[in-house]
>>> print(open('coords39.cif').read())   # mmCIF, C-alpha atoms
data_model
loop_
_atom_site.label_atom_id
_atom_site.label_comp_id
_atom_site.auth_asym_id
_atom_site.auth_seq_id
_atom_site.Cartn_x
_atom_site.Cartn_y
_atom_site.Cartn_z
CA MET G 1476 47.56 14.49 46.41
CA ARG G 1477 48.22 18.00 47.67
CA ASP G 1478 51.81 17.19 48.61
CA LEU G 1479 52.43 15.48 45.26
CA HIS G 1480 50.95 18.40 43.37
CA LEU G 1481 52.93 21.02 45.31
CA ARG G 1482 56.24 19.17 45.03
CA MET G 1483 55.78 18.46 41.33
CA HIS G 1484 54.68 22.04 40.63
CA ARG G 1485 57.61 23.56 42.53
CA LEU G 1486 60.22 21.25 41.03
CA PHE G 1487 58.91 21.71 37.49
CA ASN G 1488 58.72 25.49 37.99
CA ASP G 1489 62.33 25.52 39.25
CA ARG G 1490 63.46 23.56 36.20
CA MET G 1491 61.55 25.80 33.82
CA ARG G 1492 63.01 28.92 35.44
CA ALA G 1493 66.48 27.46 34.89
CA GLN G 1494 65.53 27.40 31.19
CA GLY G 1495 64.32 31.01 31.28
CA ALA G 1496 60.56 30.49 31.64
CA SER G 1497 58.27 30.17 34.63
CA LEU G 1498 55.49 27.60 34.78
CA ALA G 1499 52.88 30.37 34.89
CA GLN G 1500 54.40 32.00 31.82
CA LEU G 1501 54.57 28.66 30.04
CA LYS G 1502 50.89 27.92 30.76
CA LEU G 1503 49.96 31.28 29.26
CA LEU G 1504 52.08 30.73 26.15
CA LEU G 1505 50.85 27.16 25.62
CA LEU G 1506 47.23 28.24 25.97
CA ILE G 1507 47.65 30.94 23.34
CA GLU G 1508 49.54 28.53 21.10
CA ARG G 1509 46.69 26.02 21.26
CA CYS G 1510 43.83 28.47 20.95
CA GLY G 1511 45.29 31.21 18.83
CA GLU G 1512 44.74 34.88 19.48
CA MET G 1513 42.68 35.38 22.67
CA ARG G 1514 41.20 38.12 24.84
CA SER G 1515 42.48 38.46 28.42
CA THR G 1516 39.04 37.59 29.79
CA ASP G 1517 39.10 34.30 27.88
CA ILE G 1518 42.59 33.54 29.18
CA ALA G 1519 41.46 34.25 32.75
CA GLU G 1520 38.48 31.93 32.34
CA ALA G 1521 40.57 29.15 30.78
CA LEU G 1522 43.27 29.29 33.46
CA GLY G 1523 40.86 29.86 36.34
CA GLN G 1524 42.62 33.07 37.35
CA ALA G 1525 41.52 36.56 38.26
CA PRO G 1526 41.49 38.99 35.34
CA ARG G 1527 44.01 41.24 37.11
CA THR G 1528 46.42 38.31 37.50
CA VAL G 1529 46.17 37.58 33.78
CA THR G 1530 46.64 41.25 32.89
CA GLU G 1531 49.85 41.33 34.93
CA ALA G 1532 51.09 38.10 33.31
CA VAL G 1533 50.29 39.38 29.82
CA ASP G 1534 51.98 42.71 30.62
CA ALA G 1535 55.14 40.87 31.67
CA ALA G 1536 55.04 38.59 28.62
CA GLU G 1537 54.54 41.61 26.37
CA ARG G 1538 57.50 43.43 27.98
CA GLY G 1539 59.55 40.29 27.37
CA GLY G 1540 58.57 40.27 23.71
CA LEU G 1541 56.70 36.95 24.02
CA VAL G 1542 53.22 38.19 23.17
CA VAL G 1543 51.66 41.13 21.38
CA ARG G 1544 48.29 42.81 21.89
CA ASN G 1545 46.23 43.45 18.75
CA PRO G 1546 42.91 45.30 18.41
CA ASP G 1547 39.85 43.06 18.63
CA PRO G 1548 37.92 43.55 15.37
CA SER G 1549 34.60 42.77 17.09
CA ASP G 1550 35.14 45.03 20.14
CA ARG G 1551 37.26 48.13 19.76
CA ARG G 1552 37.71 48.39 23.57
CA ALA G 1553 39.27 44.93 23.78
CA LYS G 1554 42.65 43.59 22.75
CA ARG G 1555 43.53 40.11 21.53
CA ILE G 1556 46.77 38.55 22.71
CA ASN G 1557 48.90 36.56 20.30
CA LEU G 1558 52.32 34.92 20.42
CA THR G 1559 55.34 36.53 18.87
CA GLU G 1560 58.09 34.49 17.27
CA GLU G 1561 60.03 34.90 20.53
CA GLY G 1562 57.09 33.39 22.43
CA ARG G 1563 56.99 30.45 20.04
CA ALA G 1564 60.74 30.02 20.49
CA VAL G 1565 60.32 29.78 24.28
CA ILE G 1566 57.77 26.99 23.79
CA ARG G 1567 60.12 25.16 21.40
CA ASP G 1568 63.13 25.66 23.67
CA VAL G 1569 61.48 24.28 26.80
CA ALA G 1570 59.72 21.36 25.06
CA PRO G 1571 62.64 18.93 25.48
CA HIS G 1572 62.89 19.87 29.16
CA ARG G 1573 59.16 19.33 29.67
CA GLU G 1574 59.39 15.95 27.97
CA ALA G 1575 62.46 14.96 30.01
CA PHE G 1576 60.74 15.95 33.25
CA THR G 1577 57.66 13.91 32.35
CA ALA G 1578 59.74 10.89 31.38
CA GLN G 1579 61.82 11.13 34.55
CA PHE G 1580 58.75 11.59 36.78
CA PHE G 1581 56.64 8.80 35.30
CA GLY G 1582 59.64 6.56 34.60
CA VAL G 1583 59.40 5.20 38.12
CA LEU G 1584 56.19 3.42 37.07
CA ASP G 1585 56.27 0.40 34.82
CA SER G 1586 53.84 0.28 31.90
CA GLU G 1587 51.25 -1.69 33.89
CA ASP G 1588 51.31 0.86 36.73
CA GLN G 1589 51.07 3.71 34.22
CA GLU G 1590 47.95 2.12 32.70
CA LYS G 1591 46.43 1.66 36.17
CA PHE G 1592 47.24 5.27 37.03
CA LEU G 1593 45.58 6.56 33.85
CA THR G 1594 42.53 4.40 34.51
CA ILE G 1595 42.24 5.72 38.07
CA LEU G 1596 42.55 9.32 36.84
CA GLN G 1597 39.79 8.72 34.29
CA VAL G 1598 37.51 7.18 36.93
CA LEU G 1599 38.09 10.13 39.27
CA ASN G 1600 37.55 12.68 36.48
CA ASP G 1601 34.32 10.93 35.48
CA ARG G 1602 33.20 11.00 39.12
CA LEU G 1603 33.80 14.74 39.34
CA VAL G 1604 31.60 15.24 36.27
CA GLU G 1605 28.90 13.08 37.87
CA MET G 1606 29.15 15.30 40.96
CA GLY G 1607 28.51 18.43 38.90
CA ALA G 1608 31.88 19.56 37.54
CA PRO G 1609 31.88 20.66 33.91
CA SER G 1610 32.66 17.87 31.46
CA THR G 1611 35.09 20.11 29.58
CA LEU G 1612 37.21 22.68 31.36
CA GLU G 1613 37.48 25.38 28.74
CA ALA G 1614 34.42 24.75 26.59
CA ASN G 1615 33.82 28.42 25.94
CA VAL G 1616 37.43 29.24 25.16
CA TYR G 1617 38.86 26.54 22.94
CA SER G 1618 38.21 26.30 19.27
CA LYS G 1619 36.72 23.10 17.90
CA ASN G 1620 40.02 21.79 16.58
CA SER G 1621 42.23 22.50 19.59
CA ASP G 1622 43.49 20.34 22.41
CA PRO G 1623 41.95 21.53 25.72
CA GLN G 1624 44.82 20.44 27.95
CA VAL G 1625 47.16 23.04 29.36
#
>>> encode(input="coords39.cif", output="structure tokens")
Amino acid sequence: MRDLHLRMHRLFNDRMRAQGASLAQLKLLLLIERCGEMRSTDIAEALGQAPRTVTEAVDAAERGGLVVRNPDPSDRRAKRINLTEEGRAVIRDVAPHREAFTAQFFGVLDSEDQEKFLTILQVLNDRLVEMGAPSTLEANVYSKNSDPQV
């Protein structure tokens, strides 16, 4: 599993960089797209990253014109991060490449094997919850009408 994950992550990241976006940057943008304006602390929690790592990523995205920081109306010390139109354009531009990668990667499996694979993933996810993992990964971050997958 580790080898599969590392190879897939590296290859996908290489392909995204060829399109002008890193995987880390894309995860940040997609999270904000799904959740709407967010505080850095919420982003760090959702992505399972250190706050400093998120601050650096947001700084870079802001320098690139992909996100903007706005005052948090409920906490004047905090800022809320939101996508700019340029950030939304990056998401739109890489979407066909993400879809092509997914189709190419999973295309090696026929429909029966894909169904088996999804069933196995569900069984393993359920087992992790039984063992004490949270049943939802970003329960405190996502709004009620958003998709919690990044």
>>> residues_around(input="coords39.cif", residues="segment 1476-1491 of chain G", least_positions_apart="6", cutoff="9 Å", atoms="all atoms listed in the file", output="list in words")
Ser1497, Leu1498, Ala1499, Leu1501, Val1569, His1572, Arg1573, Phe1576 and Phe1580 of chain G
>>> residues_around(input="coords39.cif", residues="Thr1516 of chain G", least_positions_apart="6", cutoff="12 Å", atoms="all atoms listed in the file", output="MDAnalysis selection string")
chainID G and resid 1522:1530 1533 1553:1556 1615:1616
>>> atom_distance(input="coords39.cif", atom1="atom CA of Asn1545 of chain G", atom2="atom CA of Leu1504 of chain G")
15.8 Å
>>> atom_distance(input="coords39.cif", atom1="atom CA of Arg1492 of chain G", atom2="atom CA of Arg1514 of chain G")
25.9 Å
>>> resolve_selection(input="coords39.cif", expression="the PyMOL selection byres ((chain G and resi 1543) around 6)", output="PDB file with C-alpha atoms, keeping the file's coordinate frame")
ATOM      1  CA  GLU G1537      54.540  41.610  26.370  1.00  0.00           C
ATOM      2  CA  VAL G1542      53.220  38.190  23.170  1.00  0.00           C
ATOM      3  CA  ARG G1544      48.290  42.810  21.890  1.00  0.00           C
ATOM      4  CA  ILE G1556      46.770  38.550  22.710  1.00  0.00           C
ATOM      5  CA  ASN G1557      48.900  36.560  20.300  1.00  0.00           C
TER       6      ASN G1557
END
>>> closest_residue(input="coords39.cif", among="G:Asp1568, G:Asp1547, G:Asp1601, G:Glu1590", to="Glu1512 of chain G", atoms="only C-alpha atoms")
G:Asp1547
>>> atom_distance(input="coords39.cif", atom1="atom CA of Gly1562 of chain G", atom2="atom CA of Ala1536 of chain G")
8.3 Å
>>> closest_residue(input="coords39.cif", among="G:Ala1496, G:Met1513, G:Glu1520, G:Pro1571", to="Ala1535 of chain G", atoms="all atoms listed in the file")
G:Ala1496
>>> resolve_selection(input="coords39.cif", expression="the PyMOL selection byres ((chain G and resi 1563) around 10)", output="MDAnalysis selection string")
chainID G and resid 1504:1505 1507:1508 1541:1542 1558:1562 1564:1568
>>> write_last_selection(input="coords39.cif", atoms="C-alpha atoms", output="CSV table (one decimal), keeping the file's coordinate frame")
chain,number,residue,atom,x,y,z
G,1504,LEU,CA,52.1,30.7,26.2
G,1505,LEU,CA,50.8,27.2,25.6
G,1507,ILE,CA,47.6,30.9,23.3
G,1508,GLU,CA,49.5,28.5,21.1
G,1541,LEU,CA,56.7,37.0,24.0
G,1542,VAL,CA,53.2,38.2,23.2
G,1558,LEU,CA,52.3,34.9,20.4
G,1559,THR,CA,55.3,36.5,18.9
G,1560,GLU,CA,58.1,34.5,17.3
G,1561,GLU,CA,60.0,34.9,20.5
G,1562,GLY,CA,57.1,33.4,22.4
G,1564,ALA,CA,60.7,30.0,20.5
G,1565,VAL,CA,60.3,29.8,24.3
G,1566,ILE,CA,57.8,27.0,23.8
G,1567,ARG,CA,60.1,25.2,21.4
G,1568,ASP,CA,63.1,25.7,23.7
